[in-house]
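Novice: My questions all concern the structure below.
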Amino acid sequence: MAVKVVSPGLSTSVQDLGRPGHYHVGIPEGGGMDRFATHIANLLVGNDPGAAVLEATFMGPELEFTQSAVIAVTGGELPPKLNGEERPTWESFPVKAGDRLSFGFLKGGARAYLAISGGIDVPVVLGSRSTYILGALGGHQGRTLKAGDELPIGEGSGKAGLSLPAHLRRARNSPAELRMLPGLYWHRITEAAGSRFFEETWKVAPEADRIGYRFRGGTPLEFVEREQPFGAGSDPSNIVDACYPYGSVQVPSGTEPIVLHRDAVSGGGYMMLGVVISADMDLIAQLQPHTPARFVSVTLEDALAARAEQGVALARAEAHLAG
Amino acid sequence: MSIRFNFGGDEHIFGEVSEEMSLTSFFTGLSMTNAVRTAGIRGVTEICPANASFQIRFNPDIVKPQDLLRELKSMEEAASKADPVLKTRIIELPVYFQDPWTRETCLRFRERHQDPSSTDLEYSARINGYATVEEFIAAYSGQPWFVSMVGFVAGLPFLYQMVERKKQIQAPKYLRPRTDTPKLTIGHGGCFAAIYSVRGAGGYQMYGITPAPIYDPAMKVRYLSDDMCLFKPGDIVKFKAIGRDDYDATLEEIEANRWQPTVRECSFSLKDFNSDIYGTNAKLMELINGR
């Protein structure tokens, strides 16, 4: 059983729930940028939540199936079409040998997740099938898909007609509100710059990918004056190269904040203002360029409460799908 | 000196040993991360030492952030007091300095450099007070380096030279980063050397290239068949300057998968090092040369 790639879309890669444990040698966790959508896509087609799916960015691929299967599309509103006929998102449906799956234009969000019953059966590397593109590791030959690729599919037993209703999915607001715990090198900027950072509305820049999301449109930061420490470099935004947390907000030269995502560079020499909380990482995955966004200051307690809430939402969705 | 601890969101604890780089800070960070690894704390998912800091990632559903912080703080005193003796290894890495590939790249991105009229090597030699590029290369490859961090991208080592502060080579990053750097380039930014494990963007000054792969996701290179990344934090690296003929010959051996770097087990005492830097380095380098 295989899936043939007729056209790859803009940037489509094999992803699962990631490979933690190798960040100390610079290999990021990876996995679907929208973990909720990855998890649910798999459950809709009867897979383990951590099976490998396709993550399509902004534009869908065109695929041909060589055998029957059950598939589902979740995440951003990228309408699937089977042999040219539109099918719903967040709902499983059957395909048979010779069927062609394509996608309409993106109506909302940024990334869609396609799960196929049995999962995409590329080799497991360091515990995961996720593609780490920068390191040419995992997935299908360590890269995004190309026309002519064939992806092996495992044995599955999904049921068609399973769906997750809208109220059990995460709602998206505009402007997007990214909750952030200030810290790390927050003390490097002035109090006025700190308040402005949270007050202003930013916009997602075109440089937004699996590594990180850049934002622009806000006022450049003012730094607290100091003599730069030995080894840090001369720019006031430089630090002695340190680890970068997932979700950390770095501001090179104090101008455009970058929020690191699942394929984060693991460290470097730019100061960070804090970290976007784990509960809002999925939200970033669904932001299109030019989307307005605000950073909202929260406490660790808020972050933990939001995380618990997200856990409850996932459990509710799971319970619904388990019938 | 006390570690500045900070929560990085709800999944990370960040510890800054010092704002400035020093071997002492690096060792304190390494002792801390080693202690965390040994403690086997439930819920800890990533343990990452860095140059003068470190980061622990955890699952707050399993271990409460404040409990983990308390546990890390309880390790701090032992980590900074311990006479740091590290069981490690010294690796010799052949480097072809002034090679044609980094030179070509360096010329291609000249307008992004501080001094478009010289090469990266000429510029770095001059600002560090060396009369010639050859003297600069002799200093660069004459004393060993500590791998003080691995990261940015897969397998990329940051290296800090084992010399006193006034002898540390320093160079700014490019004014604007390049969009291309040859794979296996030896670069330098701030007080750190780096080896680019993959081809890609970069802002470090470029000095040379090694024929030896340091990252192999396919795990086919014989010395990377168990571990796809050659370097770990705490490794000691000695660059061996080679010319074109040696470079080509080594590359041929590597392509036939017959070559491997010289690696020797060793131990390193920070106290001994601080009391006699060049004597300590000489003993380490003997391990490689006295094969």
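Note on naming: chains are A, B, ... as they come in the structure tokens, residues start from 1 per chain, ligands start from 1 in the order shown.
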If we count only C-alpha atoms, which residues of chain B reach to within 8 Å of chain A? Please list them as a ChimeraX atom specification.

Specialist: /B:6-12,14,19-21,45-55,60,150-156,170,172,189-192,198,217-218,229,231-232

Novice: Would you save the residues from that selection as a compact mmCIF listing (two decimals), in the first residue's frame, using N, CA and C atoms?

Specialist:
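The resulting file, out_10.txt, is reproduced below:
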# COMPACT_ATOMS: atom_id res chain seq x y z
N ASN B 6 15.61 30.66 36.00
CA ASN B 6 14.47 31.32 35.38
C ASN B 6 13.60 30.27 34.73
N PHE B 7 12.28 30.44 34.83
CA PHE B 7 11.41 29.53 34.08
C PHE B 7 11.30 30.01 32.63
N GLY B 8 11.54 29.10 31.70
CA GLY B 8 11.31 29.39 30.29
C GLY B 8 9.95 28.81 29.93
N GLY B 9 8.89 29.61 30.09
CA GLY B 9 7.54 29.08 29.92
C GLY B 9 7.25 28.01 30.96
N ASP B 10 6.33 27.09 30.66
CA ASP B 10 5.94 26.08 31.64
C ASP B 10 6.68 24.76 31.45
N GLU B 11 7.66 24.72 30.50
CA GLU B 11 8.35 23.45 30.23
C GLU B 11 9.86 23.51 30.37
N HIS B 12 10.43 24.70 30.66
CA HIS B 12 11.89 24.80 30.72
C HIS B 12 12.34 25.53 31.98
N PHE B 14 15.85 27.55 32.91
CA PHE B 14 17.05 28.08 32.30
C PHE B 14 17.96 28.50 33.44
N GLU B 19 27.13 35.84 33.03
CA GLU B 19 26.82 36.54 31.78
C GLU B 19 27.97 36.42 30.80
N GLU B 20 29.21 36.35 31.34
CA GLU B 20 30.36 36.28 30.44
C GLU B 20 30.83 34.85 30.31
N MET B 21 31.58 34.60 29.23
CA MET B 21 32.10 33.26 29.00
C MET B 21 33.36 33.04 29.81
N THR B 45 12.92 15.84 30.43
CA THR B 45 12.95 15.28 29.08
C THR B 45 14.18 15.69 28.27
N GLU B 46 14.78 16.82 28.58
CA GLU B 46 15.97 17.27 27.85
C GLU B 46 16.93 17.93 28.84
N ILE B 47 18.22 17.60 28.72
CA ILE B 47 19.24 18.18 29.59
C ILE B 47 20.31 18.77 28.68
N CYS B 48 20.37 20.10 28.61
CA CYS B 48 21.22 20.75 27.61
C CYS B 48 22.23 21.69 28.23
N PRO B 49 23.52 21.28 28.29
CA PRO B 49 24.53 22.23 28.72
C PRO B 49 24.84 23.22 27.60
N ALA B 50 25.19 24.46 27.98
CA ALA B 50 25.62 25.46 26.99
C ALA B 50 26.91 26.10 27.48
N ASN B 51 27.32 27.19 26.86
CA ASN B 51 28.65 27.76 27.13
C ASN B 51 28.81 28.20 28.58
N ALA B 52 27.93 29.07 29.04
CA ALA B 52 28.01 29.57 30.41
C ALA B 52 26.64 29.47 31.06
N SER B 53 25.82 28.55 30.54
CA SER B 53 24.45 28.39 31.02
C SER B 53 23.99 26.97 30.69
N PHE B 54 22.77 26.66 31.04
CA PHE B 54 22.23 25.34 30.71
C PHE B 54 20.72 25.42 30.72
N GLN B 55 20.08 24.38 30.22
CA GLN B 55 18.62 24.38 30.15
C GLN B 55 18.10 22.98 30.41
N PRO B 60 5.59 19.36 32.96
CA PRO B 60 5.01 19.83 34.22
C PRO B 60 3.81 18.99 34.68
N VAL B 150 26.83 22.05 22.03
CA VAL B 150 26.51 21.48 20.72
C VAL B 150 25.09 21.92 20.40
N GLY B 151 24.90 22.49 19.22
CA GLY B 151 23.54 22.93 18.91
C GLY B 151 23.51 24.00 17.87
N PHE B 152 22.46 24.75 17.87
CA PHE B 152 22.01 25.62 16.79
C PHE B 152 21.34 24.67 15.80
N VAL B 153 22.14 23.94 15.00
CA VAL B 153 21.58 22.84 14.21
C VAL B 153 22.26 21.54 14.64
N ALA B 154 21.75 20.42 14.13
CA ALA B 154 22.22 19.10 14.54
C ALA B 154 23.74 18.98 14.48
N GLY B 155 24.34 18.65 15.63
CA GLY B 155 25.75 18.27 15.67
C GLY B 155 26.75 19.39 15.56
N LEU B 156 26.30 20.64 15.53
CA LEU B 156 27.24 21.76 15.37
C LEU B 156 27.90 22.10 16.70
N GLN B 170 39.05 36.76 19.05
CA GLN B 170 37.68 37.27 18.97
C GLN B 170 37.43 37.91 17.60
N PRO B 172 33.96 39.68 15.18
CA PRO B 172 32.52 39.91 15.09
C PRO B 172 31.89 39.00 14.04
N GLY B 189 32.95 33.31 15.62
CA GLY B 189 32.12 34.47 15.96
C GLY B 189 32.22 34.73 17.45
N GLY B 190 32.39 36.00 17.84
CA GLY B 190 32.62 36.29 19.27
C GLY B 190 33.92 35.60 19.67
N CYS B 191 33.90 34.84 20.77
CA CYS B 191 35.11 34.11 21.17
C CYS B 191 34.99 32.63 20.83
N PHE B 192 34.01 32.27 20.00
CA PHE B 192 33.77 30.85 19.73
C PHE B 192 34.09 30.45 18.29
N VAL B 198 26.08 21.27 8.65
CA VAL B 198 25.33 21.20 7.39
C VAL B 198 25.56 22.51 6.63
N PRO B 217 23.13 11.85 9.33
CA PRO B 217 21.81 11.31 9.67
C PRO B 217 21.59 9.90 9.13
N ALA B 218 22.34 9.52 8.09
CA ALA B 218 22.19 8.15 7.55
C ALA B 218 23.01 7.14 8.36
N CYS B 229 26.02 12.24 15.64
CA CYS B 229 26.78 13.46 15.92
C CYS B 229 28.12 13.11 16.53
N PHE B 231 30.34 15.20 18.06
CA PHE B 231 30.75 15.93 19.26
C PHE B 231 29.71 15.95 20.38
N LYS B 232 30.25 15.93 21.62
CA LYS B 232 29.42 16.11 22.82
C LYS B 232 30.03 17.26 23.61

Novice: Name the residues of region 190-266 of chain A that fall into strand (DSSP E or B) according to DSSP on the backbone, using the chain letters and numbers of this document, as a PyMOL selection string.

Specialist: chain A and resi 202-208+212-216+223+238-243+248-250+258-260

Novice: Which of these residues is nearest to Ala79 (chain B), using only C-alpha atoms: B:Phe26, B:Tyr130, B:Tyr215, B:Tyr204?

Specialist: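 Under the stated criterion, the closest residue is B:Phe26.
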
Novice: Would you kindly return, as a ChimeraX atom specification, each protein, DNA or RNA residue with an atom no farther than 12 Å from any atom of region 253-269 of chain B, considering only C-alpha atoms and excluding same-chain residues fewer than 6 positions away?

Specialist: /B:23-24,27,82-95,146,162,210-214,219-225,230-231,234-240,246-247,275-277,280-281,283-291

Novice: Please, which residues of region 29-145 of chain B, numbered as in this document, come out helix (DSSP H, G or I) from DSSP, as JSON, numbers by chain?

Specialist: {"B": [29, 30, 31, 32, 33, 34, 35, 36, 37, 38, 39, 65, 66, 67, 68, 69, 70, 71, 72, 73, 74, 75, 76, 77, 78, 79, 80, 81, 100, 101, 102, 103, 104, 105, 106, 107, 108, 110, 111, 112, 120, 121, 122, 123, 124, 125, 126, 127, 133, 134, 135, 136, 137, 138, 139, 140, 141, 142]}

Novice: Leaving out Arg176 (chain B) and any residue of its chain fewer than 4 positions from it, which residues lie within 12 Å of it when counting only C-alpha atoms, given as a PyMOL selection string?

Specialist: (chain A and resi 252-253) or (chain B and resi 109-114+172+180+201-205)

Novice: Since we have the selection now, will you write its residues out, keeping C-alpha atoms, as a tab-separated table (two decimals), in the first residue's frame?

Specialist:
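Writing done, so here's out_24.tsv:
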chain	number	residue	atom	x	y	z
A	252	PRO	CA	17.83	39.99	17.10
A	253	SER	CA	19.03	43.62	17.17
B	109	PHE	CA	29.32	37.81	0.32
B	110	ARG	CA	31.94	40.54	0.63
B	111	GLU	CA	29.45	43.40	0.83
B	112	ARG	CA	28.05	41.92	4.06
B	113	HIS	CA	31.43	42.04	5.77
B	114	GLN	CA	33.02	44.66	8.07
B	172	PRO	CA	32.52	39.91	15.09
B	180	ASP	CA	25.30	30.18	2.27
B	201	ALA	CA	23.07	30.37	6.32
B	202	GLY	CA	25.68	31.69	8.73
B	203	GLY	CA	27.30	34.79	10.13
B	204	TYR	CA	30.64	33.53	11.45
B	205	GLN	CA	33.98	34.44	9.85

Novice: Could you check the closest approach to Arg57 (chain B) for each of B:Ile13, B:Ala78, B:Leu251, B:Ala138 and tell me which residue wins, using only C-alpha atoms?

Specialist: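 Of the candidates, the smallest distance to Arg57 (chain B) is held by B:Ile13.
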
Novice: Report the distance between CA of Gln66 (chain B) and CA of Met32 (chain B) in Å, rounded to one decimal place.

Specialist: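 About the pair CA of Gln66 (chain B) and CA of Met32 (chain B): they are 17.3 Å apart.
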
Novice: From the options A:Val259, A:Met281, A:Ile211, A:Leu164, which residue's atoms come nearest to Leu43 (chain A), counting only C-alpha atoms?

Specialist: A:Leu164

Novice: Extract, using only C-alpha atoms, all DNA, RNA and protein residues at most 9 Å from region 78-88 of chain A, discarding same-chain residues fewer than 5 positions from it, and format them as a list in words.

Specialist: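 The residues satisfying every condition are Phe58, Met59, Gly60, Ala72, Val73, Phe93, Val95, Asp99, Arg100, Leu101, Ser102, Phe103, Gly104, Phe105, Leu106, Lys107, Gly108, Gly109, Ala110, Arg111 and Ala112 of chain A.
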
Novice: Could you check the closest approach to Val249 (chain A) for each of A:Ala315, A:Val224, A:Leu321, A:Leu178 and tell me which residue wins, using only C-alpha atoms?

Specialist: A:Leu178
